[in-house]
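*Asks:* Just one file: query-v9.cif, with mmCIF, N, CA and C atoms and all ligand atoms.
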data_upload
#
loop_
_atom_site.label_atom_id
_atom_site.label_comp_id
_atom_site.auth_asym_id
_atom_site.auth_seq_id
_atom_site.Cartn_x
_atom_site.Cartn_y
_atom_site.Cartn_z
N MET A 25 0.86 -1.20 0.00
CA MET A 25 0.00 0.00 0.00
C MET A 25 0.88 1.24 0.00
N SER A 26 0.48 2.24 -0.74
CA SER A 26 1.28 3.45 -0.85
C SER A 26 1.25 4.25 0.45
N THR A 27 2.37 4.88 0.74
CA THR A 27 2.40 5.74 1.92
C THR A 27 2.35 7.21 1.51
N ASP A 28 2.20 7.44 0.23
CA ASP A 28 2.11 8.80 -0.28
C ASP A 28 0.89 9.50 0.34
N PRO A 29 1.13 10.63 1.07
CA PRO A 29 0.00 11.29 1.74
C PRO A 29 -1.07 11.77 0.75
N MET A 30 -0.68 12.00 -0.50
CA MET A 30 -1.65 12.48 -1.49
C MET A 30 -2.78 11.46 -1.71
N VAL A 31 -2.43 10.20 -1.51
CA VAL A 31 -3.42 9.14 -1.71
C VAL A 31 -4.64 9.39 -0.82
N HIS A 32 -4.37 9.93 0.36
CA HIS A 32 -5.45 10.10 1.33
C HIS A 32 -6.35 11.29 1.01
N HIS A 33 -5.92 12.10 0.07
CA HIS A 33 -6.71 13.29 -0.24
C HIS A 33 -7.66 13.09 -1.41
N ARG A 34 -7.45 12.02 -2.15
CA ARG A 34 -8.36 11.84 -3.25
C ARG A 34 -9.70 11.34 -2.72
N LYS A 35 -10.73 11.59 -3.51
CA LYS A 35 -12.06 11.12 -3.13
C LYS A 35 -12.08 9.60 -3.12
N LYS A 36 -12.77 9.04 -2.14
CA LYS A 36 -12.90 7.59 -2.09
C LYS A 36 -13.86 7.15 -3.20
N ARG A 37 -13.42 6.16 -3.94
CA ARG A 37 -14.21 5.70 -5.08
C ARG A 37 -15.07 4.50 -4.66
N ILE A 38 -16.34 4.63 -4.89
CA ILE A 38 -17.27 3.58 -4.45
C ILE A 38 -17.98 2.95 -5.65
N LEU A 39 -17.87 1.64 -5.72
CA LEU A 39 -18.56 0.88 -6.77
C LEU A 39 -19.86 0.36 -6.18
N ALA A 40 -20.99 0.78 -6.77
CA ALA A 40 -22.29 0.35 -6.26
C ALA A 40 -23.05 -0.38 -7.36
N VAL A 41 -23.68 -1.50 -7.00
CA VAL A 41 -24.38 -2.33 -7.97
C VAL A 41 -25.82 -2.53 -7.52
N ASP A 42 -26.77 -2.14 -8.36
CA ASP A 42 -28.19 -2.41 -8.06
C ASP A 42 -28.94 -2.43 -9.37
N ASP A 43 -29.86 -3.40 -9.51
CA ASP A 43 -30.61 -3.49 -10.76
C ASP A 43 -31.77 -2.50 -10.82
N ASP A 44 -32.07 -1.84 -9.71
CA ASP A 44 -33.19 -0.90 -9.65
C ASP A 44 -32.69 0.52 -9.97
N GLY A 45 -33.22 1.08 -11.05
CA GLY A 45 -32.77 2.39 -11.50
C GLY A 45 -32.97 3.50 -10.48
N LEU A 46 -34.06 3.42 -9.73
CA LEU A 46 -34.32 4.45 -8.71
C LEU A 46 -33.27 4.39 -7.60
N VAL A 47 -32.94 3.18 -7.20
CA VAL A 47 -31.91 3.01 -6.16
C VAL A 47 -30.57 3.52 -6.69
N ARG A 48 -30.28 3.21 -7.96
CA ARG A 48 -29.01 3.68 -8.54
C ARG A 48 -28.93 5.21 -8.52
N ARG A 49 -30.05 5.84 -8.89
CA ARG A 49 -30.04 7.32 -8.89
C ARG A 49 -29.85 7.87 -7.49
N SER A 50 -30.53 7.26 -6.49
CA SER A 50 -30.36 7.77 -5.11
C SER A 50 -28.94 7.55 -4.61
N LEU A 51 -28.38 6.39 -4.93
CA LEU A 51 -27.01 6.12 -4.48
C LEU A 51 -26.03 7.12 -5.10
N GLU A 52 -26.24 7.37 -6.37
CA GLU A 52 -25.34 8.28 -7.08
C GLU A 52 -25.38 9.69 -6.44
N LEU A 53 -26.61 10.16 -6.19
CA LEU A 53 -26.80 11.47 -5.57
C LEU A 53 -26.20 11.53 -4.17
N LEU A 54 -26.59 10.55 -3.39
CA LEU A 54 -26.19 10.49 -1.98
C LEU A 54 -24.68 10.41 -1.83
N LEU A 55 -24.07 9.53 -2.60
CA LEU A 55 -22.63 9.33 -2.50
C LEU A 55 -21.88 10.56 -3.00
N GLY A 56 -22.39 11.14 -4.08
CA GLY A 56 -21.75 12.35 -4.62
C GLY A 56 -21.83 13.50 -3.63
N GLU A 57 -23.01 13.69 -3.05
CA GLU A 57 -23.19 14.79 -2.09
C GLU A 57 -22.36 14.59 -0.84
N ALA A 58 -22.11 13.34 -0.49
CA ALA A 58 -21.32 13.05 0.71
C ALA A 58 -19.81 13.17 0.44
N GLY A 59 -19.44 13.50 -0.80
CA GLY A 59 -18.03 13.74 -1.10
C GLY A 59 -17.28 12.52 -1.62
N TYR A 60 -18.01 11.48 -1.93
CA TYR A 60 -17.37 10.31 -2.51
C TYR A 60 -17.47 10.37 -4.03
N GLU A 61 -16.70 9.51 -4.67
CA GLU A 61 -16.80 9.42 -6.12
C GLU A 61 -17.54 8.12 -6.46
N PRO A 62 -18.83 8.25 -6.77
CA PRO A 62 -19.60 7.03 -7.02
C PRO A 62 -19.46 6.52 -8.45
N PHE A 63 -19.49 5.20 -8.57
CA PHE A 63 -19.55 4.58 -9.87
C PHE A 63 -20.66 3.55 -9.75
N VAL A 64 -21.84 3.89 -10.27
CA VAL A 64 -23.03 3.08 -10.00
C VAL A 64 -23.45 2.33 -11.25
N VAL A 65 -23.55 1.01 -11.13
CA VAL A 65 -23.89 0.17 -12.29
C VAL A 65 -25.07 -0.73 -11.97
N GLY A 66 -25.65 -1.32 -13.02
CA GLY A 66 -26.89 -2.07 -12.89
C GLY A 66 -26.74 -3.58 -12.86
N SER A 67 -25.52 -4.08 -13.01
CA SER A 67 -25.35 -5.54 -13.00
C SER A 67 -23.94 -5.92 -12.56
N GLY A 68 -23.83 -7.19 -12.17
CA GLY A 68 -22.53 -7.71 -11.78
C GLY A 68 -21.52 -7.66 -12.92
N GLN A 69 -22.00 -7.93 -14.13
CA GLN A 69 -21.10 -7.90 -15.29
C GLN A 69 -20.49 -6.51 -15.46
N GLU A 70 -21.35 -5.48 -15.31
CA GLU A 70 -20.84 -4.11 -15.44
C GLU A 70 -19.86 -3.78 -14.31
N ALA A 71 -20.16 -4.30 -13.14
CA ALA A 71 -19.28 -4.04 -11.99
C ALA A 71 -17.89 -4.63 -12.24
N LEU A 72 -17.86 -5.85 -12.77
CA LEU A 72 -16.57 -6.49 -13.03
C LEU A 72 -15.81 -5.76 -14.12
N ALA A 73 -16.54 -5.26 -15.11
CA ALA A 73 -15.89 -4.50 -16.18
C ALA A 73 -15.27 -3.22 -15.60
N ALA A 74 -15.98 -2.59 -14.66
CA ALA A 74 -15.48 -1.34 -14.05
C ALA A 74 -14.23 -1.61 -13.23
N LEU A 75 -14.24 -2.75 -12.56
CA LEU A 75 -13.14 -3.13 -11.68
C LEU A 75 -11.82 -3.29 -12.44
N VAL A 76 -11.93 -3.72 -13.68
CA VAL A 76 -10.75 -3.90 -14.50
C VAL A 76 -10.16 -2.53 -14.88
N GLN A 77 -11.03 -1.53 -14.98
CA GLN A 77 -10.62 -0.20 -15.42
C GLN A 77 -9.97 0.63 -14.32
N ARG A 78 -10.43 0.46 -13.07
CA ARG A 78 -9.95 1.35 -12.01
C ARG A 78 -10.01 0.72 -10.63
N HIS A 79 -9.39 1.42 -9.69
CA HIS A 79 -9.38 0.97 -8.31
C HIS A 79 -10.62 1.47 -7.56
N PHE A 80 -11.17 0.64 -6.69
CA PHE A 80 -12.29 1.07 -5.85
C PHE A 80 -11.96 0.85 -4.38
N ASP A 81 -12.50 1.73 -3.54
CA ASP A 81 -12.24 1.66 -2.10
C ASP A 81 -13.33 0.88 -1.37
N LEU A 82 -14.49 0.76 -2.00
CA LEU A 82 -15.61 0.10 -1.33
C LEU A 82 -16.58 -0.44 -2.37
N LEU A 83 -17.16 -1.58 -2.05
CA LEU A 83 -18.18 -2.18 -2.91
C LEU A 83 -19.51 -2.20 -2.17
N ILE A 84 -20.54 -1.67 -2.80
CA ILE A 84 -21.89 -1.77 -2.25
C ILE A 84 -22.69 -2.57 -3.26
N THR A 85 -23.32 -3.65 -2.81
CA THR A 85 -24.09 -4.41 -3.78
C THR A 85 -25.45 -4.85 -3.26
N ASP A 86 -26.42 -4.75 -4.15
CA ASP A 86 -27.74 -5.32 -3.95
C ASP A 86 -27.58 -6.84 -3.99
N ILE A 87 -28.54 -7.56 -3.41
CA ILE A 87 -28.47 -9.02 -3.46
C ILE A 87 -29.28 -9.58 -4.62
N ARG A 88 -30.53 -9.15 -4.66
CA ARG A 88 -31.43 -9.76 -5.65
C ARG A 88 -31.35 -9.00 -6.96
N MET A 89 -30.69 -9.64 -7.92
CA MET A 89 -30.54 -9.05 -9.25
C MET A 89 -30.62 -10.17 -10.27
N PRO A 90 -31.16 -9.87 -11.44
CA PRO A 90 -31.12 -10.88 -12.50
C PRO A 90 -29.67 -11.10 -12.95
N GLY A 91 -29.37 -12.26 -13.48
CA GLY A 91 -27.98 -12.56 -13.84
C GLY A 91 -27.22 -12.88 -12.58
N MET A 92 -26.07 -12.23 -12.38
CA MET A 92 -25.31 -12.46 -11.15
C MET A 92 -26.05 -11.85 -9.98
N ASP A 93 -26.21 -12.60 -8.89
CA ASP A 93 -26.77 -11.97 -7.69
C ASP A 93 -25.62 -11.35 -6.89
N GLY A 94 -25.99 -10.64 -5.83
CA GLY A 94 -24.99 -9.89 -5.08
C GLY A 94 -23.89 -10.76 -4.49
N LEU A 95 -24.26 -11.97 -4.05
CA LEU A 95 -23.25 -12.85 -3.46
C LEU A 95 -22.25 -13.31 -4.52
N GLN A 96 -22.75 -13.53 -5.73
CA GLN A 96 -21.85 -13.90 -6.83
C GLN A 96 -20.95 -12.73 -7.20
N VAL A 97 -21.50 -11.51 -7.12
CA VAL A 97 -20.69 -10.32 -7.41
C VAL A 97 -19.54 -10.24 -6.40
N ILE A 98 -19.90 -10.41 -5.13
CA ILE A 98 -18.88 -10.33 -4.07
C ILE A 98 -17.79 -11.37 -4.30
N GLN A 99 -18.21 -12.59 -4.59
CA GLN A 99 -17.24 -13.67 -4.81
C GLN A 99 -16.34 -13.36 -6.01
N ALA A 100 -16.94 -12.85 -7.08
CA ALA A 100 -16.17 -12.56 -8.30
C ALA A 100 -15.18 -11.41 -8.05
N VAL A 101 -15.61 -10.41 -7.28
CA VAL A 101 -14.73 -9.28 -6.98
C VAL A 101 -13.55 -9.76 -6.12
N ARG A 102 -13.85 -10.61 -5.14
CA ARG A 102 -12.78 -11.16 -4.30
C ARG A 102 -11.78 -11.97 -5.13
N ASP A 103 -12.33 -12.82 -6.01
CA ASP A 103 -11.46 -13.65 -6.85
C ASP A 103 -10.56 -12.75 -7.70
N TYR A 104 -11.17 -11.70 -8.26
CA TYR A 104 -10.41 -10.79 -9.11
C TYR A 104 -9.27 -10.14 -8.31
N CYS A 105 -9.59 -9.63 -7.14
CA CYS A 105 -8.57 -8.95 -6.32
C CYS A 105 -7.45 -9.93 -5.94
N ARG A 106 -7.83 -11.16 -5.60
CA ARG A 106 -6.82 -12.15 -5.22
C ARG A 106 -5.92 -12.46 -6.41
N GLU A 107 -6.53 -12.68 -7.58
CA GLU A 107 -5.74 -12.99 -8.77
C GLU A 107 -4.81 -11.86 -9.15
N MET A 108 -5.30 -10.63 -8.99
CA MET A 108 -4.51 -9.47 -9.39
C MET A 108 -3.59 -8.99 -8.27
N LYS A 109 -3.61 -9.71 -7.14
CA LYS A 109 -2.83 -9.34 -5.96
C LYS A 109 -3.14 -7.92 -5.50
N LYS A 110 -4.42 -7.57 -5.52
CA LYS A 110 -4.86 -6.27 -5.00
C LYS A 110 -5.44 -6.46 -3.61
N HIS A 111 -5.49 -5.38 -2.85
CA HIS A 111 -6.11 -5.46 -1.52
C HIS A 111 -7.59 -5.80 -1.68
N PRO A 112 -8.13 -6.60 -0.75
CA PRO A 112 -9.57 -6.87 -0.81
C PRO A 112 -10.36 -5.57 -0.62
N ILE A 113 -11.51 -5.49 -1.25
CA ILE A 113 -12.35 -4.29 -1.16
C ILE A 113 -13.43 -4.53 -0.11
N PRO A 114 -13.58 -3.63 0.86
CA PRO A 114 -14.65 -3.81 1.85
C PRO A 114 -16.02 -3.89 1.17
N GLU A 115 -16.89 -4.69 1.74
CA GLU A 115 -18.18 -4.96 1.10
C GLU A 115 -19.35 -4.57 2.00
N ILE A 116 -20.34 -3.96 1.38
CA ILE A 116 -21.60 -3.68 2.08
C ILE A 116 -22.73 -4.25 1.23
N VAL A 117 -23.60 -5.04 1.87
CA VAL A 117 -24.72 -5.62 1.15
C VAL A 117 -25.98 -4.80 1.41
N LEU A 118 -26.63 -4.47 0.30
CA LEU A 118 -27.90 -3.74 0.35
C LEU A 118 -28.99 -4.72 0.01
N THR A 119 -30.01 -4.78 0.83
CA THR A 119 -31.10 -5.64 0.41
C THR A 119 -32.44 -5.10 0.87
N ALA A 120 -33.42 -5.25 0.01
CA ALA A 120 -34.76 -4.76 0.31
C ALA A 120 -35.52 -5.78 1.14
N TYR A 121 -35.00 -6.98 1.18
CA TYR A 121 -35.73 -8.06 1.83
C TYR A 121 -35.08 -8.39 3.15
N ASN A 122 -35.92 -8.56 4.15
CA ASN A 122 -35.37 -9.03 5.40
C ASN A 122 -35.35 -10.55 5.31
N ASP A 123 -34.47 -11.01 4.47
CA ASP A 123 -34.43 -12.41 4.08
C ASP A 123 -33.32 -13.11 4.84
N GLU A 124 -33.70 -13.86 5.85
CA GLU A 124 -32.71 -14.50 6.74
C GLU A 124 -31.84 -15.50 5.97
N HIS A 125 -32.44 -16.17 4.98
CA HIS A 125 -31.69 -17.15 4.21
C HIS A 125 -30.54 -16.48 3.45
N VAL A 126 -30.89 -15.38 2.79
CA VAL A 126 -29.88 -14.63 2.04
C VAL A 126 -28.82 -14.09 2.99
N LYS A 127 -29.29 -13.59 4.11
CA LYS A 127 -28.37 -13.00 5.08
C LYS A 127 -27.40 -14.06 5.60
N GLU A 128 -27.91 -15.25 5.89
CA GLU A 128 -27.05 -16.34 6.36
C GLU A 128 -25.98 -16.69 5.33
N SER A 129 -26.40 -16.75 4.05
CA SER A 129 -25.42 -17.06 2.99
C SER A 129 -24.35 -15.98 2.93
N ALA A 130 -24.77 -14.74 3.09
CA ALA A 130 -23.81 -13.64 3.03
C ALA A 130 -22.86 -13.70 4.22
N VAL A 131 -23.39 -14.01 5.38
CA VAL A 131 -22.56 -14.11 6.58
C VAL A 131 -21.55 -15.24 6.41
N ARG A 132 -22.01 -16.37 5.84
CA ARG A 132 -21.10 -17.49 5.59
C ARG A 132 -19.96 -17.09 4.66
N LEU A 133 -20.28 -16.18 3.76
CA LEU A 133 -19.28 -15.69 2.81
C LEU A 133 -18.34 -14.69 3.50
N GLY A 134 -18.70 -14.26 4.70
CA GLY A 134 -17.84 -13.34 5.44
C GLY A 134 -18.25 -11.87 5.30
N VAL A 135 -19.44 -11.63 4.78
CA VAL A 135 -19.92 -10.25 4.67
C VAL A 135 -20.33 -9.79 6.07
N ARG A 136 -19.87 -8.61 6.45
CA ARG A 136 -20.14 -8.15 7.81
C ARG A 136 -21.15 -7.03 7.88
N GLU A 137 -21.40 -6.37 6.75
CA GLU A 137 -22.25 -5.19 6.80
C GLU A 137 -23.47 -5.30 5.90
N PHE A 138 -24.62 -5.09 6.51
CA PHE A 138 -25.88 -5.14 5.77
C PHE A 138 -26.64 -3.85 5.96
N LEU A 139 -27.28 -3.41 4.91
CA LEU A 139 -28.20 -2.28 5.03
C LEU A 139 -29.51 -2.68 4.38
N MET A 140 -30.58 -2.50 5.11
CA MET A 140 -31.89 -2.83 4.56
C MET A 140 -32.45 -1.59 3.85
N LYS A 141 -32.93 -1.80 2.64
CA LYS A 141 -33.57 -0.71 1.91
C LYS A 141 -35.04 -0.65 2.33
N PRO A 142 -35.65 0.49 2.52
CA PRO A 142 -35.00 1.81 2.42
C PRO A 142 -34.18 2.10 3.67
N PHE A 143 -32.96 2.60 3.47
CA PHE A 143 -32.10 2.89 4.61
C PHE A 143 -32.22 4.36 4.98
N ARG A 144 -31.87 4.67 6.21
CA ARG A 144 -31.82 6.07 6.63
C ARG A 144 -30.49 6.65 6.17
N VAL A 145 -30.54 7.88 5.70
CA VAL A 145 -29.33 8.48 5.11
C VAL A 145 -28.20 8.55 6.13
N ASP A 146 -28.50 8.96 7.36
CA ASP A 146 -27.42 9.10 8.36
C ASP A 146 -26.81 7.73 8.68
N GLU A 147 -27.66 6.72 8.73
CA GLU A 147 -27.19 5.36 9.01
C GLU A 147 -26.28 4.89 7.86
N PHE A 148 -26.73 5.14 6.65
CA PHE A 148 -25.99 4.76 5.44
C PHE A 148 -24.61 5.41 5.43
N LEU A 149 -24.58 6.73 5.68
CA LEU A 149 -23.30 7.44 5.63
C LEU A 149 -22.38 7.02 6.77
N GLY A 150 -22.97 6.69 7.91
CA GLY A 150 -22.18 6.22 9.05
C GLY A 150 -21.48 4.91 8.73
N VAL A 151 -22.21 4.01 8.08
CA VAL A 151 -21.64 2.72 7.69
C VAL A 151 -20.50 2.93 6.70
N LEU A 152 -20.71 3.81 5.74
CA LEU A 152 -19.65 4.08 4.75
C LEU A 152 -18.39 4.59 5.43
N GLU A 153 -18.57 5.54 6.33
CA GLU A 153 -17.41 6.13 7.00
C GLU A 153 -16.62 5.09 7.78
N ARG A 154 -17.35 4.20 8.43
CA ARG A 154 -16.68 3.14 9.20
C ARG A 154 -15.80 2.29 8.31
N HIS A 155 -16.26 2.06 7.09
CA HIS A 155 -15.52 1.16 6.21
C HIS A 155 -14.45 1.86 5.40
N LEU A 156 -14.48 3.18 5.40
CA LEU A 156 -13.53 3.89 4.57
C LEU A 156 -12.46 4.60 5.38
N SER A 157 -12.57 4.57 6.70
CA SER A 157 -11.55 5.24 7.50
C SER A 157 -10.36 4.32 7.65
N PHE A 158 -9.20 4.90 7.53
CA PHE A 158 -8.00 4.09 7.79
C PHE A 158 -6.91 4.97 8.36
MG MG A 201 -32.60 -5.85 -6.76
#
What does this structure look like when you write it as structure tokens?

*Replies:*
Amino acid sequence: MSTDPMVHHRKKRILAVDDDGLVRRSLELLLGEAGYEPFVVGSGQEALAALVQRHFDLLITDIRMPGMDGLQVIQAVRDYCREMKKHPIPEIVLTAYNDEHVKESAVRLGVREFLMKPFRVDEFLGVLERHLSF
């Protein structure tokens, strides 16, 4: 990891994945207003394509999506980082469902942070800050 102090001054780049256009627009607005640099996409495939192009400080992903679901996105991102010898990216799972089954699978995968949609803005930003401070 770089010790260059300039690294700490750049905006934290957040990759967010959700198949719902309204959620994508809110995330983009919210993250931008909070001073982050959001990169919001609608599918796991797009997220992986973005990951090849640039570095991200945090991954936020919805669970229920057509194609790759959020758990598959997380696994693919981890595999990519491991293969490329990059630092793992902290993960936050967004889900509209209070679905214990999904949550258990995510916990088994080692996901530690969940946010239920609709989330409160202060709660959302608090979670982000916790994962982005170093
Ligand atoms: Mg969804």

*Asks:* Could you tell me, as a VMD selection string, which residues of chain A DSSP assigns to strand (DSSP E or B) when given the backbone?

*Replies:* chain A and resid 37 to 41 61 to 65 82 to 86 115 to 119 138 to 140

*Asks:* Could I get the residues of chain A with an atom no further than 9 Å from an atom of ligand MG 201 (chain A), each paired with its nearest atom pair and that distance in Å to one decimal, using only C-alpha atoms and all ligand atoms, sorted by chain and residue number, as CSV?

*Replies:*
residue,atom,partner,partner_atom,distance
A:Asp42,CA,A:MG201,MG,5.7
A:Asp43,CA,A:MG201,MG,5.1
A:Asp44,CA,A:MG201,MG,5.8
A:Val47,CA,A:MG201,MG,8.9
A:Asp86,CA,A:MG201,MG,5.6
A:Ile87,CA,A:MG201,MG,6.2
A:Arg88,CA,A:MG201,MG,4.2
A:Met89,CA,A:MG201,MG,4.5
A:Pro90,CA,A:MG201,MG,7.8
A:Asp93,CA,A:MG201,MG,8.5
A:Gly94,CA,A:MG201,MG,8.8
A:Leu118,CA,A:MG201,MG,8.8
A:Thr119,CA,A:MG201,MG,7.3
A:Ala120,CA,A:MG201,MG,7.5

*Asks:* Between atom C of Gly66 of chain A and atom CA of Leu149 of chain A, measure the distance and give it in Å to one decimal.

*Replies:*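 Between atom C of Gly66 of chain A and atom CA of Leu149 of chain A the gap works out to 21.8 Å.
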
*Asks:* Please list as a VMD selection string every residue within 8 Å of Leu51 of chain A, counting all atoms listed in the file and excluding residues in the same chain fewer than 3 positions away.

*Replies:* chain A and resid 40 45 to 48 54 to 57 62 to 64

*Asks:* Determine, counting only C-alpha atoms, which protein, DNA and RNA residues have an atom within 8 Å of an atom of Leu72 of chain A; residues of the same chain fewer than 6 positions away are not included. Present the result as a tab-separated table (two decimals) with N, CA and C atoms, in the frame of the given file.

*Replies:*
chain	number	residue	atom	x	y	z
A	97	VAL	N	-21.50	-11.51	-7.12
A	97	VAL	CA	-20.69	-10.32	-7.41
A	97	VAL	C	-19.54	-10.24	-6.40
A	100	ALA	N	-16.94	-12.85	-7.08
A	100	ALA	CA	-16.17	-12.56	-8.30
A	100	ALA	C	-15.18	-11.41	-8.05
A	101	VAL	N	-15.61	-10.41	-7.28
A	101	VAL	CA	-14.73	-9.28	-6.98
A	101	VAL	C	-13.55	-9.76	-6.12

*Asks:* Closest to Ile116 of chain A among A:Met140, A:Val131, A:Leu83, A:Ala71, using only C-alpha atoms?

*Replies:*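 Answer, going by the shortest atom-to-atom distance: A:Leu83.
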
*Asks:* List every residue of chain A that DSSP, applied to the backbone, labels as alpha helix (DSSP H), and write the result as a PyMOL selection string.

*Replies:* chain A and resi 45-57+68-77+94-107+124-132+145-156

*Asks:* Select, from A:Ser157, A:Arg106, A:Leu95, A:Ile113, the residue with the minimum atom-to-atom distance to Ala130 of chain A, counting all atoms listed in the file.

*Replies:*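 Nearest to Ala130 of chain A: A:Leu95.
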
*Asks:* Between atom N of Gly59 of chain A and atom N of Gly150 of chain A, measure the distance and give it in Å to one decimal.

*Replies:* 11.6 Å

*Asks:* For atom C of Val41 of chain A and atom CA of Asp81 of chain A, quote the distance in Å rounded to one decimal.

*Replies:*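 Those two atoms sit 15.2 Å apart.
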
*Asks:* Using only N, CA and C atoms, which residue out of A:Gln77, A:Lys35, A:Ser67, A:Tyr104 lies closest to Met92 of chain A?

*Replies:*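 Comparing A:Gln77, A:Lys35, A:Ser67, A:Tyr104 against Met92 of chain A, the winner is A:Ser67.
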
*Asks:* Using only C-alpha atoms, which residue out of A:Ala74, A:Arg37, A:Leu53, A:Ile98 lies closest to Val145 of chain A?

*Replies:*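 Distance minimum relative to Val145 of chain A lands on A:Leu53.
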
*Asks:* So, counting only C-alpha atoms, which residue among A:Glu107, A:Glu137, A:Asp123, A:Glu52 is closest to Val65 of chain A?

*Replies:*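 Checking each candidate against Val65 of chain A, we get A:Glu52 as the closest.
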
*Asks:* Between A:Pro142, A:Arg102, A:Glu128, A:His79, which one has atoms that come closest to Glu115 of chain A, using only C-alpha atoms?

*Replies:*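 With only C-alpha atoms as the atom set, the closest residue is A:Arg102.
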